[in-house]
2 protein chains.
Amino acid sequence: MNQKTAIAIHGGAGTIAPHLLTPQLEIDYRSGLKAALEAGNKVLKSGGTATEAVLAAVVELENNPLFNAGKGGVFNHLGQHEMDAAIMDGQFLKAGAVCGVKNIKNPVLLAHAVMTKSPHVMMAGDGAEAFAKTVNIEFADNAYFHTEHRYQQWLDIKGTENYQLDHTAKSENKMGTVGAVALDKDGNIAAATSTGGMTNKKFGRVGDSPIIGAGTYANNETCAISCTGHGELFIRSVVACDISCLMAYKGLTLKQACEIVVMDKLVKIEGEGGLVAIDAHGNIEMPFNSEGMYRASLSVNGEEVVKIYE
Amino acid sequence: MNQKTAIAIHGGAGTIAPHLLTPQLEIDYRSGLKAALEAGNKVLKSGGTATEAVLAAVVELENNPLFNAGKGGVFNHLGQHEMDAAIMDGQFLKAGAVCGVKNIKNPVLLAHAVMTKSPHVMMAGDGAEAFAKTVNIEFADNAYFHTEHRYQQWLDIKGTENYQLDHTAKSENKMGTVGAVALDKDGNIAAATSTGGMTNKKFGRVGDSPIIGAGTYANNETCAISCTGHGELFIRSVVACDISCLMAYKGLTLKQACEIVVMDKLVKIEGEGGLVAIDAHGNIEMPFNSEGMYRASLSVNGEEVVKIYE
């Protein structure tokens, strides 16, 4: 097979108050999304795999301080940056995930190393960091993750019992997660997700991002999905697997399956958020039931979309 | 509704070499399974919920040094006992899970506390232990988890790069996990799973047990499932969710759905193991593709089964 490629990415969903999104900030977000889309697309156009493409796109988003993942990760209740990430290869149904890792520059690269260089699928905390050292994953000190706007968000609620999926109501975003899905020239699809979690989060909370079948999933037979939203409800709904199964067992299209899960099932349980999805034909869906979702896509026909609101 | 109740439990699946299972050991295993079945059944017969019943059954298995969970948990590469557990309520699709927790006497009780006393679904490591202290979960020192046969298993491979799902080929079991599913008088179902992981495990490896949709899942509309097996392959196959979706979207019976996933899909990828499953009608399935699986069940008609091999 030698077909056209496609890619879709997201930089989080939630309440994105238009009056707080200054013209300059909107330009920055759009340019960040476009840069990540291009990083992934460049891999695809040069013959790389879908897995390599989602990796490149998510690394770009992790390196951008605007998004809640990698460098732009939020502060937990101890003032640390504790991150989760996952990746899945839809051709071989191989997957890798990490949760609660600190000082890893690009958590998605560590998730990829778990998939490709270990017999395991998921590693947590200190153990995952010990593994990172054995496979030459780049570490970064706390200063690298210190971004002023995340620090201010944390100061606002530090010492309280509050936690926030991304940051306060006065800011621009709510569910901070980044992710990508892609279709490569060989017809294979993949998905990757990365997150810095919730500001002031306690208790080693793990959201849906690193849970295979919930926040991240890929299967050539159905679809590749990366979610962003209220993680607890996405886990309980096994969102990505549900969409995949609606396609596999009920014969629904990607669009129909996404519609049922995101706009009906999740809405009924107040599971706010959205996702990006792709199938092996290159169909792309980017549904969300929240006010907005930072997203971008490049279709098999070369059509580019970069959007924040509806 | 006021219907009959049912329960099924497992104490792990794998290669259970008959010549190593001495008559006395077999008696001990059977009596351990029966005690756990009765603990769960007692809750059901006194009007308790399915969630309370699976909790009681799994606590009993965790407290039995024969099974790889709680007291009988294996040693990780640092000589510690690092455990995972999960529980899910099929009526409200609520769930709780913990991974990589140490010194928690009954990890399943902590998973239940995450479900009922926190806004989260999953907590990891130190954070989960910090949460445990806030909700009066019982801790136990390392001596409590020190069982001689697990220690010997660890000494056998300590210092090597080897790890084992439960223990060595010379011993009786391979995939050490315990779990339970139940149907209560109100027609609600639930599932719970708990594990001590793999002997000499490194890198904070997390298996399928605490992954909602993979090793543990419950939904009144379809089924409640607790798995035991090669965790990585169970995660990649999103086993429990797949069975649930085959019922929901393809109209298969519990038996048909379990058969496809355990005896066909998992076998094709060498995903050794099994599971216990129940639906809201009280149908019970306990399929496994390994040599044996410690299991027991009590049907709606009062029929009791306690088995190790086929």
# chains A, B, ... in the order shown; residues from 1 in each chain; ligands from 1
>>> closest_atom_pairs(of="chain B", to="chain A", cutoff="9 Å", atoms="only C-alpha atoms", output="Markdown table")
| residue | atom | partner | partner_atom | distance |
| --- | --- | --- | --- | --- |
| B:Met88 | CA | A:Arg236 | CA | 8.7 |
| B:Leu93 | CA | A:Arg236 | CA | 6.2 |
| B:Lys94 | CA | A:Arg236 | CA | 6.5 |
| B:Ala95 | CA | A:Arg236 | CA | 6.5 |
| B:Cys99 | CA | A:Ala124 | CA | 8.0 |
| B:Gly100 | CA | A:Ala124 | CA | 7.3 |
| B:Pro119 | CA | A:Glu232 | CA | 8.0 |
| B:His120 | CA | A:Glu232 | CA | 5.9 |
| B:Val121 | CA | A:Glu232 | CA | 5.5 |
| B:Met122 | CA | A:Val206 | CA | 5.2 |
| B:Met123 | CA | A:Arg205 | CA | 4.4 |
| B:Ala124 | CA | A:Gly204 | CA | 4.9 |
| B:Gly125 | CA | A:Gly204 | CA | 6.7 |
| B:Asp126 | CA | A:Gly204 | CA | 7.0 |
| B:Gly127 | CA | A:Phe203 | CA | 3.6 |
| B:Ala128 | CA | A:Phe203 | CA | 5.1 |
| B:Glu129 | CA | A:Phe203 | CA | 7.6 |
| B:Ala130 | CA | A:Phe203 | CA | 6.3 |
| B:Phe131 | CA | A:Phe203 | CA | 5.7 |
| B:Lys202 | CA | A:Gly127 | CA | 6.7 |
| B:Phe203 | CA | A:Gly127 | CA | 3.6 |
| B:Gly204 | CA | A:Gly127 | CA | 4.2 |
| B:Arg205 | CA | A:Met123 | CA | 4.4 |
| B:Val206 | CA | A:Met122 | CA | 5.2 |
| B:Gly207 | CA | A:Met122 | CA | 7.0 |
| B:Ile211 | CA | A:Ile211 | CA | 6.9 |
| B:Ile212 | CA | A:Ile235 | CA | 6.7 |
| B:Gly213 | CA | A:Val238 | CA | 6.1 |
| B:Ala214 | CA | A:Gly213 | CA | 7.9 |
| B:Tyr217 | CA | A:Arg236 | CA | 8.8 |
| B:Gly231 | CA | A:Val121 | CA | 8.5 |
| B:Glu232 | CA | A:Val121 | CA | 5.5 |
| B:Leu233 | CA | A:Val121 | CA | 8.5 |
| B:Ile235 | CA | A:Ile212 | CA | 6.7 |
| B:Arg236 | CA | A:Leu93 | CA | 6.2 |
| B:Ser237 | CA | A:Leu93 | CA | 7.7 |
| B:Val238 | CA | A:Gly213 | CA | 6.1 |
| B:Cys241 | CA | A:Cys241 | CA | 7.1 |
| B:Asp242 | CA | A:Cys245 | CA | 7.2 |
| B:Cys245 | CA | A:Cys245 | CA | 6.1 |
| B:Leu246 | CA | A:Tyr249 | CA | 6.7 |
| B:Ala248 | CA | A:Tyr249 | CA | 8.9 |
| B:Tyr249 | CA | A:Lys250 | CA | 5.5 |
| B:Lys250 | CA | A:Tyr249 | CA | 5.5 |
>>> select_by_dssp(residues="region 124-298 of chain A", states="strand (DSSP E)", output="PyMOL selection string")
chain A and resi 124+178-183+189-195+205-206+216-218+224-229+273-278+284-285+292-298
>>> write_last_selection(atoms="N, CA, C and O atoms", output="short mmCIF file (atom, residue, chain, number, x, y, z; two decimals), in the first residue's frame")
data_model
loop_
_atom_site.label_atom_id
_atom_site.label_comp_id
_atom_site.auth_asym_id
_atom_site.auth_seq_id
_atom_site.Cartn_x
_atom_site.Cartn_y
_atom_site.Cartn_z
N ALA A 124 5.27 3.06 36.47
CA ALA A 124 4.85 4.19 37.30
C ALA A 124 6.01 4.80 38.08
O ALA A 124 6.96 4.11 38.46
N VAL A 178 -2.21 17.00 25.81
CA VAL A 178 -1.94 17.12 24.38
C VAL A 178 -1.96 15.72 23.79
O VAL A 178 -1.79 14.73 24.50
N GLY A 179 -2.20 15.67 22.48
CA GLY A 179 -2.23 14.35 21.87
C GLY A 179 -2.23 14.42 20.36
O GLY A 179 -2.42 15.50 19.77
N ALA A 180 -2.01 13.28 19.74
CA ALA A 180 -1.99 13.23 18.28
C ALA A 180 -2.40 11.84 17.79
O ALA A 180 -2.21 10.84 18.48
N VAL A 181 -2.98 11.81 16.60
CA VAL A 181 -3.29 10.55 15.91
C VAL A 181 -2.83 10.73 14.46
O VAL A 181 -2.85 11.84 13.94
N ALA A 182 -2.40 9.66 13.84
CA ALA A 182 -1.90 9.79 12.47
C ALA A 182 -2.10 8.52 11.66
O ALA A 182 -2.24 7.42 12.22
N LEU A 183 -2.15 8.72 10.35
CA LEU A 183 -2.23 7.63 9.37
C LEU A 183 -1.01 7.75 8.47
O LEU A 183 -0.74 8.82 7.92
N ILE A 189 -2.10 3.21 11.59
CA ILE A 189 -2.47 4.36 12.42
C ILE A 189 -1.87 4.21 13.82
O ILE A 189 -1.49 3.12 14.25
N ALA A 190 -1.75 5.34 14.53
CA ALA A 190 -1.19 5.36 15.88
C ALA A 190 -1.76 6.54 16.65
O ALA A 190 -2.32 7.47 16.06
N ALA A 191 -1.62 6.47 17.97
CA ALA A 191 -2.10 7.54 18.85
C ALA A 191 -1.12 7.77 19.98
O ALA A 191 -0.45 6.84 20.43
N ALA A 192 -1.02 9.03 20.43
CA ALA A 192 -0.19 9.34 21.60
C ALA A 192 -0.82 10.48 22.38
O ALA A 192 -1.49 11.34 21.80
N THR A 193 -0.62 10.45 23.71
CA THR A 193 -1.20 11.46 24.59
C THR A 193 -0.19 11.78 25.68
O THR A 193 0.56 10.91 26.11
N SER A 194 -0.18 13.04 26.14
CA SER A 194 0.74 13.43 27.21
C SER A 194 0.09 14.52 28.04
O SER A 194 -0.62 15.38 27.51
N THR A 195 0.30 14.48 29.36
CA THR A 195 -0.34 15.49 30.19
C THR A 195 0.47 15.82 31.43
O THR A 195 1.23 14.98 31.93
N ARG A 205 -2.72 11.23 41.73
CA ARG A 205 -3.87 10.98 40.84
C ARG A 205 -3.41 10.67 39.43
O ARG A 205 -2.53 11.36 38.88
N VAL A 206 -3.99 9.64 38.83
CA VAL A 206 -3.71 9.29 37.44
C VAL A 206 -5.00 9.48 36.65
O VAL A 206 -6.06 9.00 37.05
N THR A 216 -6.11 6.78 25.46
CA THR A 216 -5.25 6.50 24.31
C THR A 216 -5.53 5.10 23.77
O THR A 216 -5.60 4.15 24.56
N TYR A 217 -5.68 4.98 22.46
CA TYR A 217 -5.90 3.66 21.87
C TYR A 217 -5.67 3.73 20.36
O TYR A 217 -5.93 4.76 19.73
N ALA A 218 -5.18 2.65 19.79
CA ALA A 218 -5.01 2.58 18.33
C ALA A 218 -5.14 1.15 17.86
O ALA A 218 -4.59 0.23 18.48
N ALA A 224 -7.64 5.26 15.72
CA ALA A 224 -6.64 5.70 16.69
C ALA A 224 -7.23 6.93 17.36
O ALA A 224 -7.80 7.80 16.69
N ILE A 225 -7.11 6.99 18.71
CA ILE A 225 -7.78 8.04 19.47
C ILE A 225 -6.88 8.59 20.57
O ILE A 225 -6.18 7.85 21.25
N SER A 226 -6.91 9.93 20.74
CA SER A 226 -6.26 10.57 21.88
C SER A 226 -7.27 11.53 22.51
O SER A 226 -7.82 12.40 21.82
N CYS A 227 -7.53 11.35 23.80
CA CYS A 227 -8.56 12.12 24.49
C CYS A 227 -8.00 13.27 25.31
O CYS A 227 -6.83 13.27 25.70
N THR A 228 -8.88 14.22 25.64
CA THR A 228 -8.58 15.28 26.59
C THR A 228 -9.89 15.63 27.28
O THR A 228 -10.90 15.88 26.62
N GLY A 229 -9.89 15.60 28.58
CA GLY A 229 -11.13 15.91 29.28
C GLY A 229 -11.08 15.52 30.73
O GLY A 229 -10.00 15.33 31.29
N GLY A 273 -15.17 17.25 27.74
CA GLY A 273 -13.92 17.08 27.03
C GLY A 273 -14.11 16.72 25.57
O GLY A 273 -15.19 16.93 25.01
N GLY A 274 -13.06 16.19 24.98
CA GLY A 274 -13.14 15.84 23.58
C GLY A 274 -12.00 14.91 23.21
O GLY A 274 -11.32 14.36 24.07
N LEU A 275 -11.81 14.75 21.91
CA LEU A 275 -10.76 13.83 21.44
C LEU A 275 -10.44 14.08 19.97
O LEU A 275 -11.22 14.74 19.27
N VAL A 276 -9.31 13.58 19.53
CA VAL A 276 -9.02 13.53 18.10
C VAL A 276 -8.97 12.06 17.71
O VAL A 276 -8.49 11.23 18.49
N ALA A 277 -9.51 11.77 16.52
CA ALA A 277 -9.60 10.38 16.08
C ALA A 277 -9.34 10.27 14.59
O ALA A 277 -9.62 11.20 13.83
N ILE A 278 -8.78 9.14 14.20
CA ILE A 278 -8.53 8.90 12.78
C ILE A 278 -8.76 7.43 12.49
O ILE A 278 -8.64 6.59 13.39
N ILE A 284 -11.01 11.85 9.67
CA ILE A 284 -10.60 12.50 10.91
C ILE A 284 -11.83 13.05 11.62
O ILE A 284 -12.71 13.65 10.99
N GLU A 285 -11.89 12.84 12.93
CA GLU A 285 -12.95 13.45 13.74
C GLU A 285 -12.29 14.15 14.92
O GLU A 285 -11.32 13.63 15.49
N GLY A 292 -14.50 24.67 24.09
CA GLY A 292 -13.52 24.70 23.01
C GLY A 292 -12.53 23.56 23.14
O GLY A 292 -12.52 22.83 24.14
N MET A 293 -11.75 23.38 22.10
CA MET A 293 -10.66 22.39 22.15
C MET A 293 -9.59 22.87 21.18
O MET A 293 -9.89 23.13 20.00
N TYR A 294 -8.39 23.04 21.66
CA TYR A 294 -7.28 23.40 20.80
C TYR A 294 -7.02 22.22 19.89
O TYR A 294 -6.73 21.12 20.38
N ARG A 295 -7.10 22.43 18.59
CA ARG A 295 -6.98 21.27 17.70
C ARG A 295 -6.51 21.69 16.31
O ARG A 295 -6.67 22.84 15.91
N ALA A 296 -5.97 20.73 15.61
CA ALA A 296 -5.52 20.98 14.24
C ALA A 296 -5.46 19.65 13.50
O ALA A 296 -5.27 18.60 14.10
N SER A 297 -5.67 19.74 12.20
CA SER A 297 -5.60 18.50 11.41
C SER A 297 -5.16 18.81 9.99
O SER A 297 -5.29 19.93 9.49
N LEU A 298 -4.64 17.78 9.34
CA LEU A 298 -4.21 17.87 7.95
C LEU A 298 -4.71 16.59 7.30
O LEU A 298 -4.26 15.49 7.64
#
>>> atom_distance(atom1="CA of Val300 (chain A)", atom2="CA of Ala56 (chain A)")
18.6 Å
>>> closest_residue(among="A:Ala143, A:Ile157, A:Val135, A:Ile27", to="Gly72 (chain A)", atoms="only C-alpha atoms")
A:Ala143
>>> select_by_dssp(residues="region 16-86 of chain A", states="helix (DSSP H, G or I)", output="ChimeraX atom specification")
/A:23-45,50-63,70-72
>>> write_last_selection(atoms="C-alpha atoms", output="compact mmCIF listing (two decimals), in the first residue's frame")
# COMPACT_ATOMS: atom_id res chain seq x y z
CA PRO A 23 -5.24 38.22 20.13
CA GLN A 24 -1.55 37.58 20.76
CA LEU A 25 -2.23 34.48 22.86
CA GLU A 26 -4.54 33.12 20.18
CA ILE A 27 -1.82 33.65 17.60
CA ASP A 28 0.63 31.83 19.86
CA TYR A 29 -1.69 28.89 20.39
CA ARG A 30 -2.45 28.60 16.69
CA SER A 31 1.19 28.77 15.80
CA GLY A 32 2.00 26.13 18.44
CA LEU A 33 -0.66 23.81 17.05
CA LYS A 34 0.54 24.42 13.50
CA ALA A 35 4.15 23.70 14.46
CA ALA A 36 3.14 20.38 16.03
CA LEU A 37 1.01 19.47 13.03
CA GLU A 38 3.94 20.20 10.76
CA ALA A 39 6.36 18.22 12.90
CA GLY A 40 4.12 15.18 12.57
CA ASN A 41 3.38 15.77 8.91
CA LYS A 42 7.05 16.10 8.07
CA VAL A 43 7.63 12.61 9.42
CA LEU A 44 4.71 11.22 7.41
CA LYS A 45 5.74 12.94 4.18
CA ALA A 50 2.30 6.81 12.16
CA THR A 51 3.96 6.01 15.48
CA GLU A 52 6.94 8.20 14.63
CA ALA A 53 4.60 10.97 13.47
CA VAL A 54 2.48 11.12 16.64
CA LEU A 55 5.68 11.02 18.66
CA ALA A 56 7.10 14.03 16.77
CA ALA A 57 3.85 16.00 17.09
CA VAL A 58 3.47 15.32 20.82
CA VAL A 59 7.14 16.12 21.52
CA GLU A 60 6.58 19.49 19.81
CA LEU A 61 3.54 20.15 22.02
CA GLU A 62 5.42 18.99 25.14
CA ASN A 63 8.23 21.43 24.34
CA GLY A 70 6.21 18.43 29.24
CA LYS A 71 7.71 21.90 29.67
CA GLY A 72 4.32 23.56 30.22
>>> atom_distance(atom1="CA of Glu82 (chain B)", atom2="CA of Gly196 (chain B)")
6.2 Å
>>> atom_distance(atom1="CA of Phe139 (chain A)", atom2="CA of Gly73 (chain A)")
14.5 Å
>>> closest_residue(among="B:His77, B:Lys185, B:His230, B:Lys4", to="Lys158 (chain B)", atoms="only C-alpha atoms")
B:His77
